[in-house]
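Chemist: Below is my_file_10.pdb; it holds PDB, C-alpha atoms.
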```pdb
ATOM      1  CA  MET W1104    -105.807 177.533 -45.822
ATOM      2  CA  GLU W1105    -107.711 174.365 -46.689
ATOM      3  CA  PRO W1106    -106.894 171.331 -44.504
ATOM      4  CA  PRO W1107    -104.805 168.692 -46.304
ATOM      5  CA  THR W1108    -106.185 165.481 -47.698
ATOM      6  CA  LEU W1109    -106.056 162.810 -45.000
ATOM      7  CA  ILE W1110    -105.301 159.288 -46.234
ATOM      8  CA  THR W1111    -106.186 156.458 -43.874
ATOM      9  CA  ALA W1112    -105.362 152.786 -44.291
ATOM     10  CA  VAL W1113    -108.010 150.552 -42.736
ATOM     11  CA  THR W1114    -106.064 147.401 -42.059
ATOM     12  CA  ASN W1115    -105.840 144.168 -40.134
ATOM     13  CA  GLN W1116    -104.296 140.997 -41.512
ATOM     14  CA  LYS W1117    -106.994 139.015 -39.700
ATOM     15  CA  GLY W1118    -110.107 138.552 -41.802
ATOM     16  CA  GLY W1119    -113.672 138.802 -40.558
ATOM     17  CA  VAL W1120    -113.104 141.753 -38.211
ATOM     18  CA  GLY W1121    -115.328 144.253 -40.023
ATOM     19  CA  LYS W1122    -112.544 145.951 -41.965
ATOM     20  CA  THR W1123    -114.494 146.557 -45.153
ATOM     21  CA  ALA W1124    -117.690 147.515 -43.322
ATOM     22  CA  THR W1125    -115.649 150.039 -41.335
ATOM     23  CA  THR W1126    -114.153 151.525 -44.508
ATOM     24  CA  LEU W1127    -117.501 151.769 -46.257
ATOM     25  CA  ASN W1128    -119.534 153.148 -43.383
ATOM     26  CA  VAL W1129    -116.973 155.554 -41.944
ATOM     27  CA  GLY W1130    -116.585 156.842 -45.493
ATOM     28  CA  GLY W1131    -120.333 157.252 -45.742
ATOM     29  CA  ALA W1132    -120.475 159.137 -42.458
ATOM     30  CA  LEU W1133    -117.627 161.440 -43.505
ATOM     31  CA  ALA W1134    -119.425 162.191 -46.782
ATOM     32  CA  GLU W1135    -122.690 162.790 -44.926
ATOM     33  CA  SER W1136    -120.877 165.425 -42.847
ATOM     34  CA  GLY W1137    -120.042 167.344 -46.031
ATOM     35  CA  LEU W1138    -116.583 165.995 -46.870
ATOM     36  CA  ASN W1139    -115.473 164.720 -50.264
ATOM     37  CA  VAL W1140    -114.382 161.134 -49.687
ATOM     38  CA  LEU W1141    -112.615 158.621 -51.913
ATOM     39  CA  LEU W1142    -112.663 154.932 -51.037
ATOM     40  CA  LEU W1143    -110.083 152.638 -52.593
ATOM     41  CA  ASP W1144    -110.628 148.876 -52.806
ATOM     42  CA  LEU W1145    -107.138 147.393 -52.467
ATOM     43  CA  ASP W1146    -108.364 143.975 -51.338
ATOM     44  CA  PRO W1147    -108.328 141.456 -54.226
ATOM     45  CA  GLN W1148    -111.521 139.940 -52.796
ATOM     46  CA  GLY W1149    -113.359 143.120 -53.796
ATOM     47  CA  HIS W1150    -115.842 143.206 -50.917
ATOM     48  CA  LEU W1151    -115.838 147.014 -50.745
ATOM     49  CA  THR W1152    -116.794 147.293 -54.405
ATOM     50  CA  ASP W1153    -119.561 144.727 -53.905
ATOM     51  CA  GLY W1154    -120.811 146.425 -50.743
ATOM     52  CA  LEU W1155    -121.311 149.696 -52.606
ATOM     53  CA  GLY W1156    -123.219 147.942 -55.379
ATOM     54  CA  ILE W1157    -120.637 148.951 -57.986
ATOM     55  CA  GLU W1158    -119.386 146.730 -60.794
ATOM     56  CA  GLN W1159    -115.747 145.719 -60.854
ATOM     57  CA  ALA W1160    -113.509 147.602 -63.245
ATOM     58  CA  PRO W1161    -112.915 145.957 -66.635
ATOM     59  CA  ALA W1162    -110.013 143.550 -66.949
ATOM     60  CA  GLY W1163    -107.652 142.601 -69.735
ATOM     61  CA  GLU W1164    -104.755 144.059 -71.637
ATOM     62  CA  GLY W1165    -105.151 147.815 -72.092
ATOM     63  CA  ALA W1166    -107.865 148.064 -69.425
ATOM     64  CA  ALA W1167    -107.993 151.090 -67.130
ATOM     65  CA  ASN W1168    -108.091 149.632 -63.637
ATOM     66  CA  LEU W1169    -106.283 149.774 -60.310
ATOM     67  CA  TYR W1170    -104.202 146.669 -60.960
ATOM     68  CA  ARG W1171    -102.880 147.964 -64.292
ATOM     69  CA  ALA W1172    -102.140 151.337 -62.689
ATOM     70  CA  LEU W1173    -100.169 149.752 -59.840
ATOM     71  CA  ILE W1174     -97.954 147.721 -62.153
ATOM     72  CA  GLY W1175     -97.433 150.654 -64.520
ATOM     73  CA  GLU W1176     -99.330 149.374 -67.552
ATOM     74  CA  TYR W1177    -102.000 152.073 -67.171
ATOM     75  CA  THR W1178    -100.516 155.568 -67.108
ATOM     76  CA  GLY W1179    -103.646 157.623 -67.585
ATOM     77  CA  SER W1180    -105.463 159.811 -65.084
ATOM     78  CA  LEU W1181    -106.485 158.366 -61.735
ATOM     79  CA  ALA W1182    -109.751 160.254 -62.233
ATOM     80  CA  ASP W1183    -110.643 157.787 -64.981
ATOM     81  CA  LEU W1184    -110.476 154.929 -62.457
ATOM     82  CA  ILE W1185    -112.951 156.567 -60.050
ATOM     83  CA  THR W1186    -116.642 155.633 -59.940
ATOM     84  CA  PRO W1187    -119.077 158.013 -58.190
ATOM     85  CA  HIS W1188    -121.347 156.395 -55.613
ATOM     86  CA  SER W1189    -123.411 159.080 -53.896
ATOM     87  CA  ALA W1190    -123.467 162.705 -52.797
ATOM     88  CA  PRO W1191    -125.253 162.863 -49.421
ATOM     89  CA  ALA W1192    -123.773 166.271 -48.519
ATOM     90  CA  GLY W1193    -120.206 165.913 -49.621
ATOM     91  CA  ARG W1194    -119.244 163.205 -52.103
ATOM     92  CA  LEU W1195    -118.551 159.471 -51.822
ATOM     93  CA  ASP W1196    -116.526 157.957 -54.684
ATOM     94  CA  LEU W1197    -114.723 154.657 -55.211
ATOM     95  CA  VAL W1198    -111.694 153.270 -56.995
ATOM     96  CA  PRO W1199    -113.214 149.822 -57.583
ATOM     97  CA  ASN W1200    -111.627 146.425 -57.546
ATOM     98  CA  THR W1201    -110.908 144.341 -60.630
ATOM     99  CA  ILE W1202    -110.593 140.581 -60.907
ATOM    100  CA  GLU W1203    -106.988 141.125 -61.988
ATOM    101  CA  MET W1204    -106.049 142.310 -58.491
ATOM    102  CA  PHE W1205    -105.473 138.658 -57.585
ATOM    103  CA  MET W1206    -102.267 138.915 -59.640
ATOM    104  CA  ALA W1207    -101.092 142.132 -57.988
ATOM    105  CA  VAL W1208     -98.872 140.662 -55.257
ATOM    106  CA  ARG W1209     -96.959 138.513 -57.738
ATOM    107  CA  GLU W1210     -96.548 141.289 -60.300
ATOM    108  CA  LEU W1211     -95.679 144.049 -57.832
ATOM    109  CA  ASP W1212     -92.782 141.954 -56.575
ATOM    110  CA  LYS W1213     -91.193 142.486 -60.004
ATOM    111  CA  GLN W1214     -91.493 146.284 -59.939
ATOM    112  CA  ARG W1215     -89.015 148.941 -58.873
ATOM    113  CA  ALA W1216     -90.072 151.046 -55.874
ATOM    114  CA  ARG W1217     -92.795 148.475 -55.452
ATOM    115  CA  GLU W1218     -93.943 149.643 -52.010
ATOM    116  CA  HIS W1219     -94.596 153.212 -53.209
ATOM    117  CA  ARG W1220     -96.776 152.519 -56.243
ATOM    118  CA  LEU W1221    -100.029 153.403 -54.501
ATOM    119  CA  ALA W1222     -98.592 156.561 -52.934
ATOM    120  CA  ARG W1223     -97.644 157.811 -56.378
ATOM    121  CA  LEU W1224    -101.156 157.176 -57.685
ATOM    122  CA  LEU W1225    -102.842 158.903 -54.759
ATOM    123  CA  SER W1226    -100.644 161.984 -55.028
ATOM    124  CA  ALA W1227    -103.004 163.004 -57.850
ATOM    125  CA  VAL W1228    -105.991 163.349 -55.494
ATOM    126  CA  ARG W1229    -104.341 165.206 -52.617
ATOM    127  CA  GLY W1230    -106.139 168.513 -52.353
ATOM    128  CA  ILE W1231    -109.144 167.220 -54.325
ATOM    129  CA  TYR W1232    -110.633 164.907 -51.693
ATOM    130  CA  ASP W1233    -110.831 165.683 -47.995
ATOM    131  CA  HIS W1234    -110.328 162.080 -47.005
ATOM    132  CA  VAL W1235    -109.171 158.883 -48.700
ATOM    133  CA  LEU W1236    -109.880 155.532 -47.044
ATOM    134  CA  ILE W1237    -107.954 152.475 -48.264
ATOM    135  CA  ASP W1238    -109.502 149.054 -47.660
ATOM    136  CA  ALA W1239    -106.323 146.991 -47.315
ATOM    137  CA  PRO W1240    -106.297 143.204 -47.799
ATOM    138  CA  PRO W1241    -106.360 140.834 -44.795
ATOM    139  CA  SER W1242    -102.682 139.954 -45.149
ATOM    140  CA  LEU W1243     -99.197 141.288 -44.434
ATOM    141  CA  ASP W1244     -98.075 141.476 -48.042
ATOM    142  CA  ILE W1245     -96.878 144.024 -50.599
ATOM    143  CA  LEU W1246    -100.404 145.449 -51.030
ATOM    144  CA  THR W1247    -100.641 146.175 -47.310
ATOM    145  CA  ASP W1248     -97.159 147.709 -47.421
ATOM    146  CA  ASN W1249     -98.391 149.957 -50.248
ATOM    147  CA  ALA W1250    -101.384 151.028 -48.173
ATOM    148  CA  LEU W1251     -99.183 151.800 -45.160
ATOM    149  CA  ALA W1252     -96.625 153.669 -47.264
ATOM    150  CA  ALA W1253     -99.341 155.792 -48.916
ATOM    151  CA  ALA W1254    -101.360 156.617 -45.801
ATOM    152  CA  ASP W1255    -101.042 159.334 -43.203
ATOM    153  CA  GLY W1256    -102.601 157.149 -40.525
ATOM    154  CA  VAL W1257    -103.992 153.723 -39.689
ATOM    155  CA  LEU W1258    -107.382 152.626 -38.416
ATOM    156  CA  ILE W1259    -107.455 149.056 -37.112
ATOM    157  CA  PRO W1260    -110.754 147.139 -36.880
ATOM    158  CA  VAL W1261    -110.708 144.343 -34.314
ATOM    159  CA  GLN W1262    -113.080 141.988 -32.555
ATOM    160  CA  ALA W1263    -113.261 141.403 -28.825
ATOM    161  CA  GLU W1264    -111.618 137.997 -29.230
ATOM    162  CA  ASP W1265    -108.235 136.554 -28.301
ATOM    163  CA  SER W1266    -107.433 136.067 -31.988
ATOM    164  CA  SER W1267    -107.539 139.834 -32.512
ATOM    165  CA  LEU W1268    -104.947 140.322 -29.782
ATOM    166  CA  LYS W1269    -102.690 137.818 -31.533
ATOM    167  CA  ALA W1270    -103.228 139.575 -34.865
ATOM    168  CA  LEU W1271    -102.248 142.927 -33.350
ATOM    169  CA  ARG W1272     -98.973 141.437 -32.144
ATOM    170  CA  LEU W1273     -98.152 140.751 -35.808
ATOM    171  CA  LEU W1274     -99.576 143.949 -37.300
ATOM    172  CA  LEU W1275     -97.910 146.499 -35.017
ATOM    173  CA  PRO W1276     -94.354 145.302 -35.791
ATOM    174  CA  GLN W1277     -95.249 145.417 -39.490
ATOM    175  CA  ILE W1278     -96.321 149.056 -39.123
ATOM    176  CA  ALA W1279     -93.109 149.827 -37.225
ATOM    177  CA  SER W1280     -91.076 148.177 -39.998
ATOM    178  CA  VAL W1281     -92.824 150.261 -42.684
ATOM    179  CA  ASP W1282     -92.197 153.394 -40.607
ATOM    180  CA  ALA W1283     -88.518 152.555 -40.362
ATOM    181  CA  ASP W1284     -87.879 151.409 -43.922
ATOM    182  CA  LEU W1285     -90.424 153.059 -46.236
ATOM    183  CA  ARG W1286     -91.549 156.353 -44.725
ATOM    184  CA  GLU W1287     -90.039 159.739 -43.929
ATOM    185  CA  THR W1288     -92.554 160.347 -41.133
ATOM    186  CA  PRO W1289     -94.215 157.750 -38.900
ATOM    187  CA  LEU W1290     -97.801 156.698 -39.433
ATOM    188  CA  GLU W1291    -100.351 158.110 -37.036
ATOM    189  CA  LEU W1292    -102.046 155.281 -35.167
ATOM    190  CA  HIS W1293    -105.591 156.623 -35.063
ATOM    191  CA  GLY W1294    -106.809 153.715 -32.969
ATOM    192  CA  LEU W1295    -108.970 150.614 -32.836
ATOM    193  CA  VAL W1296    -112.555 150.028 -33.915
ATOM    194  CA  VAL W1297    -114.183 147.148 -32.052
ATOM    195  CA  SER W1298    -116.605 145.630 -34.548
ATOM    196  CA  LEU W1299    -119.330 142.988 -34.327
ATOM    197  CA  LEU W1300    -119.600 143.355 -30.551
ATOM    198  CA  ARG W1301    -122.280 141.049 -29.172
ATOM    199  CA  GLN W1302    -124.673 142.305 -26.516
ATOM    200  CA  PRO W1303    -124.638 141.594 -23.673
ATOM    201  CA  VAL W1304    -120.845 141.616 -23.598
ATOM    202  CA  THR W1305    -119.408 138.268 -22.512
ATOM    203  CA  LYS W1306    -116.752 137.836 -19.827
ATOM    204  CA  ILE W1307    -114.221 136.862 -22.518
ATOM    205  CA  ALA W1308    -115.046 139.967 -24.551
ATOM    206  CA  GLU W1309    -114.707 142.122 -21.425
ATOM    207  CA  SER W1310    -111.248 140.719 -20.739
ATOM    208  CA  VAL W1311    -110.129 141.329 -24.339
ATOM    209  CA  LEU W1312    -111.514 144.876 -24.262
ATOM    210  CA  ALA W1313    -109.523 145.464 -21.077
ATOM    211  CA  GLU W1314    -106.385 144.266 -22.891
ATOM    212  CA  PHE W1315    -107.109 146.672 -25.758
ATOM    213  CA  GLU W1316    -107.512 149.553 -23.312
ATOM    214  CA  ARG W1317    -104.073 148.859 -21.882
ATOM    215  CA  LEU W1318    -102.380 149.316 -25.273
ATOM    216  CA  ASP W1319    -100.269 152.457 -25.146
ATOM    217  CA  GLY W1320    -100.945 154.966 -27.923
ATOM    218  CA  LEU W1321    -103.712 152.899 -29.525
ATOM    219  CA  PRO W1322    -107.075 154.092 -28.184
ATOM    220  CA  ILE W1323    -110.433 152.474 -28.832
ATOM    221  CA  LEU W1324    -112.140 155.058 -31.034
ATOM    222  CA  GLY W1325    -115.491 153.314 -31.151
ATOM    223  CA  THR W1326    -117.451 150.104 -30.881
ATOM    224  CA  ILE W1327    -119.889 148.806 -33.490
ATOM    225  CA  PRO W1328    -122.517 146.413 -32.100
ATOM    226  CA  LEU W1329    -123.400 143.248 -33.966
ATOM    227  CA  GLY W1330    -126.590 143.868 -35.914
ATOM    228  CA  VAL W1331    -128.414 142.975 -39.091
ATOM    229  CA  VAL W1332    -128.663 146.607 -40.225
ATOM    230  CA  VAL W1333    -125.043 146.573 -41.435
ATOM    231  CA  THR W1334    -125.709 143.528 -43.624
ATOM    232  CA  GLU W1335    -128.983 144.966 -44.906
ATOM    233  CA  ALA W1336    -127.303 148.216 -45.921
ATOM    234  CA  TRP W1337    -124.506 146.222 -47.582
ATOM    235  CA  ARG W1338    -126.969 144.167 -49.631
ATOM    236  CA  SER W1339    -128.679 147.338 -50.797
ATOM    237  CA  GLY W1340    -125.397 148.948 -51.888
ATOM    238  CA  ARG W1341    -125.835 151.762 -49.377
ATOM    239  CA  THR W1342    -124.018 153.041 -46.320
ATOM    240  CA  VAL W1343    -125.543 152.526 -42.886
ATOM    241  CA  VAL W1344    -125.964 156.281 -42.313
ATOM    242  CA  ASP W1345    -128.035 156.406 -45.502
ATOM    243  CA  TYR W1346    -129.929 153.120 -45.093
ATOM    244  CA  ALA W1347    -130.761 153.409 -41.397
ATOM    245  CA  PRO W1348    -129.887 156.972 -40.344
ATOM    246  CA  ASP W1349    -131.492 156.710 -36.898
ATOM    247  CA  SER W1350    -129.934 153.368 -35.936
ATOM    248  CA  GLU W1351    -127.368 152.980 -33.156
ATOM    249  CA  HIS W1352    -124.970 151.720 -35.813
ATOM    250  CA  ALA W1353    -125.305 154.934 -37.821
ATOM    251  CA  GLN W1354    -124.650 156.960 -34.684
ATOM    252  CA  ALA W1355    -121.562 154.855 -33.933
ATOM    253  CA  TYR W1356    -120.169 155.376 -37.435
ATOM    254  CA  ARG W1357    -120.844 159.125 -37.243
ATOM    255  CA  ALA W1358    -118.964 159.346 -33.948
ATOM    256  CA  LEU W1359    -116.094 157.358 -35.415
ATOM    257  CA  ALA W1360    -115.994 159.572 -38.509
ATOM    258  CA  LYS W1361    -115.939 162.700 -36.333
ATOM    259  CA  SER W1362    -113.027 161.305 -34.353
ATOM    260  CA  LEU W1363    -111.145 160.347 -37.512
ATOM    261  CA  ALA W1364    -111.811 163.674 -39.227
ATOM    262  CA  GLY W1365    -110.378 165.425 -36.204
ATOM    263  CA  GLY W1366    -107.090 163.706 -36.937
ATOM    264  CA  GLY W1367    -106.883 165.594 -40.200
ATOM    265  CA  GLN W1368    -106.777 168.991 -38.530
ATOM    266  CA  ARG W1369    -103.019 168.897 -37.925
TER
END
```
What does the file become when written as structure tokens?
Modeler:
Amino acid sequence: MEPPTLITAVTNQKGGVGKTATTLNVGGALAESGLNVLLLDLDPQGHLTDGLGIEQAPAGEGAANLYRALIGEYTGSLADLITPHSAPAGRLDLVPNTIEMFMAVRELDKQRAREHRLARLLSAVRGIYDHVLIDAPPSLDILTDNALAAADGVLIPVQAEDSSLKALRLLLPQIASVDADLRETPLELHGLVVSLLRQPVTKIAESVLAEFERLDGLPILGTIPLGVVVTEAWRSGRTVVDYAPDSEHAQAYRALAKSLAGGGQR
């Protein structure tokens, strides 16, 4: 029996923690390993779409895009919203952003079953893709609730800074609330990804990392060192494992992807 599609929300309401880079490059590493991977750009800022070098979906009345699908104005196939990116061994595809996503929070508040709109859309790709990664917005709003309601598990990028500890104290109760109110089964907390880690590690960073390690049920799955290679790959519209396959960053993303993929064998 084929393993089920694993849907992972990559989320943190704090911006600048490497959330989109994690989504993009873990997705690239999963695809490199032979899996069929769909990335979904749920952040109205559209950084994931930009980082893959893909144009935003068309906007306007009658357009086929993620925003129109979420609010029910587009009822066609989800396949028509997907843009192929690359096929390193498996496949890496994207549901791109559209400029209209900036209206999504306001319009979703008017919808029935508003927190489950994304789950309904993604039901069409279960069994087609091995893994779906959702790049959630840096906020605790209805879009993040949709990501958490649709996902099987959560991956949380953080930085080794006090502000990330404060952000976690807000995010974890939000996840617990979604579990209690919107889901039949609890989300799997895959763990933390410590991004943009400066070398050598400072005393402050060491103390924050120690705090992370004391979190029960939320392991550190990997650390991504600060480095220009991530930005260079981004500017070229490529994943790190494709752009710089022998770099320490590529190895870190491969290890993270292996750990995450293991969560799908349930």
Chemist: Name the residues captured by the PyMOL selection byres ((chain W and resi 1161) around 12) when it is applied to the shown file; answer as a VMD selection string.
Modeler: chain W and resid 1157 to 1160 1162 to 1171 1184 1199 to 1204
Chemist: For Thr1152 in chain W, which residue out of W:Arg1317, W:Val1120, W:Arg1215, W:Trp1337 is the nearest one, using all atoms listed in the file?
Modeler: W:Trp1337
Chemist: Using only C-alpha atoms, which residue out of W:Ala1216, W:Ala1355, W:Leu1251, W:Leu1141 lies closest to Ile1231 in chain W?
Modeler: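 Answer, going by the shortest atom-to-atom distance: W:Leu1141.
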Chemist: CA of Leu1312 in chain W and CA of Leu1363 in chain W are how many Å apart?
Modeler: 20.4 Å
Chemist: Can you pull out the residues contacting Thr1247 in chain W? Cut-off 10 Å, using only C-alpha atoms, and skip same-chain residues under 4 positions away; I want them as a VMD selection string.
Modeler: chain W and resid 1112 to 1116 1145 to 1146 1208 1218 1237 to 1243 1251 to 1253 1277 to 1278 1281
Chemist: Could you give me, as a PyMOL selection string, the residues within 12 Å of Arg1286 in chain W, counting all atoms listed in the file and dropping anything in the same chain fewer than 3 positions from it?
Modeler: chain W and resi 1218-1219+1222+1248-1256+1278-1283+1289-1291
Chemist: Those same residues - C-alpha atoms - I'd like them written as an mmCIF file, in the coordinates of the input.
Modeler:
```
data_model
loop_
_atom_site.group_PDB
_atom_site.id
_atom_site.type_symbol
_atom_site.label_atom_id
_atom_site.label_comp_id
_atom_site.auth_asym_id
_atom_site.auth_seq_id
_atom_site.Cartn_x
_atom_site.Cartn_y
_atom_site.Cartn_z
ATOM 1 C CA GLU W 1218 -93.943 149.643 -52.010
ATOM 2 C CA HIS W 1219 -94.596 153.212 -53.209
ATOM 3 C CA ALA W 1222 -98.592 156.561 -52.934
ATOM 4 C CA ASP W 1248 -97.159 147.709 -47.421
ATOM 5 C CA ASN W 1249 -98.391 149.957 -50.248
ATOM 6 C CA ALA W 1250 -101.384 151.028 -48.173
ATOM 7 C CA LEU W 1251 -99.183 151.800 -45.160
ATOM 8 C CA ALA W 1252 -96.625 153.669 -47.264
ATOM 9 C CA ALA W 1253 -99.341 155.792 -48.916
ATOM 10 C CA ALA W 1254 -101.360 156.617 -45.801
ATOM 11 C CA ASP W 1255 -101.042 159.334 -43.203
ATOM 12 C CA GLY W 1256 -102.601 157.149 -40.525
ATOM 13 C CA ILE W 1278 -96.321 149.056 -39.123
ATOM 14 C CA ALA W 1279 -93.109 149.827 -37.225
ATOM 15 C CA SER W 1280 -91.076 148.177 -39.998
ATOM 16 C CA VAL W 1281 -92.824 150.261 -42.684
ATOM 17 C CA ASP W 1282 -92.197 153.394 -40.607
ATOM 18 C CA ALA W 1283 -88.518 152.555 -40.362
ATOM 19 C CA PRO W 1289 -94.215 157.750 -38.900
ATOM 20 C CA LEU W 1290 -97.801 156.698 -39.433
ATOM 21 C CA GLU W 1291 -100.351 158.110 -37.036
#
```
Chemist: Suppose a student applies the PyMOL selection byres ((chain W and resi 1123) around 7) to this structure; what residues should they get, written as an mmCIF file with C-alpha atoms, in the frame of the given file?
Modeler:
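selection_16.cif, written as the output of this step:
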```
data_model
loop_
_atom_site.group_PDB
_atom_site.id
_atom_site.type_symbol
_atom_site.label_atom_id
_atom_site.label_comp_id
_atom_site.auth_asym_id
_atom_site.auth_seq_id
_atom_site.Cartn_x
_atom_site.Cartn_y
_atom_site.Cartn_z
ATOM 1 C CA GLY W 1121 -115.328 144.253 -40.023
ATOM 2 C CA LYS W 1122 -112.544 145.951 -41.965
ATOM 3 C CA ALA W 1124 -117.690 147.515 -43.322
ATOM 4 C CA THR W 1125 -115.649 150.039 -41.335
ATOM 5 C CA THR W 1126 -114.153 151.525 -44.508
ATOM 6 C CA LEU W 1127 -117.501 151.769 -46.257
ATOM 7 C CA HIS W 1150 -115.842 143.206 -50.917
ATOM 8 C CA LEU W 1151 -115.838 147.014 -50.745
ATOM 9 C CA ASP W 1238 -109.502 149.054 -47.660
#
```
Chemist: Restricting the calculation to all atoms listed in the file, which member of W:Thr1334, W:Val1129, W:Gly1119, W:Leu1292 is positioned closest to Ala1360 in chain W?
Modeler: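 Checking each of W:Thr1334, W:Val1129, W:Gly1119, W:Leu1292 against Ala1360 in chain W, counting all atoms listed in the file, the winner is W:Val1129.
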Chemist: For CA of Leu1295 in chain W and CA of Phe1205 in chain W, quote the distance in Å rounded to one decimal.
Modeler: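 Separation of CA of Leu1295 in chain W and CA of Phe1205 in chain W: 27.7 Å.
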Chemist: When you look at range 1321-1330 of chain W with a cut-off of 12 Å (counting all atoms listed in the file), what residues show up, excluding the ones that are within fewer than 4 positions of it in the same chain? I need them as a ChimeraX atom specification.
Modeler: /W:1120-1122,1124-1125,1128-1129,1256-1263,1271,1275,1291-1304,1312-1317,1334-1336,1343,1347,1350-1366
Chemist: Please, what distance in Å, to one decimal, runs between CA of Gly1118 in chain W and CA of Lys1213 in chain W?
Modeler: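 Atom-to-atom, CA of Gly1118 in chain W to CA of Lys1213 in chain W, that is 26.5 Å.
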Chemist: Name the residues that the PyMOL selection byres ((chain W and resi 1191-1194) around 12) picks from the file above, as a compact mmCIF listing (two decimals) with C-alpha atoms, in the coordinates of the input, using the file's chain letters and numbers.
Modeler:
```txt
# COMPACT_ATOMS: atom_id res chain seq x y z
CA GLY W 1130 -116.58 156.84 -45.49
CA GLY W 1131 -120.33 157.25 -45.74
CA ALA W 1132 -120.48 159.14 -42.46
CA LEU W 1133 -117.63 161.44 -43.50
CA ALA W 1134 -119.42 162.19 -46.78
CA GLU W 1135 -122.69 162.79 -44.93
CA SER W 1136 -120.88 165.42 -42.85
CA GLY W 1137 -120.04 167.34 -46.03
CA LEU W 1138 -116.58 166.00 -46.87
CA ASN W 1139 -115.47 164.72 -50.26
CA VAL W 1140 -114.38 161.13 -49.69
CA LEU W 1141 -112.62 158.62 -51.91
CA LEU W 1142 -112.66 154.93 -51.04
CA THR W 1186 -116.64 155.63 -59.94
CA PRO W 1187 -119.08 158.01 -58.19
CA HIS W 1188 -121.35 156.40 -55.61
CA SER W 1189 -123.41 159.08 -53.90
CA ALA W 1190 -123.47 162.71 -52.80
CA LEU W 1195 -118.55 159.47 -51.82
CA ASP W 1196 -116.53 157.96 -54.68
CA LEU W 1197 -114.72 154.66 -55.21
CA ILE W 1231 -109.14 167.22 -54.32
CA TYR W 1232 -110.63 164.91 -51.69
CA ASP W 1233 -110.83 165.68 -48.00
CA HIS W 1234 -110.33 162.08 -47.00
CA VAL W 1235 -109.17 158.88 -48.70
CA ARG W 1341 -125.84 151.76 -49.38
CA THR W 1342 -124.02 153.04 -46.32
CA VAL W 1344 -125.96 156.28 -42.31
CA ASP W 1345 -128.04 156.41 -45.50
CA TYR W 1346 -129.93 153.12 -45.09
CA PRO W 1348 -129.89 156.97 -40.34
```
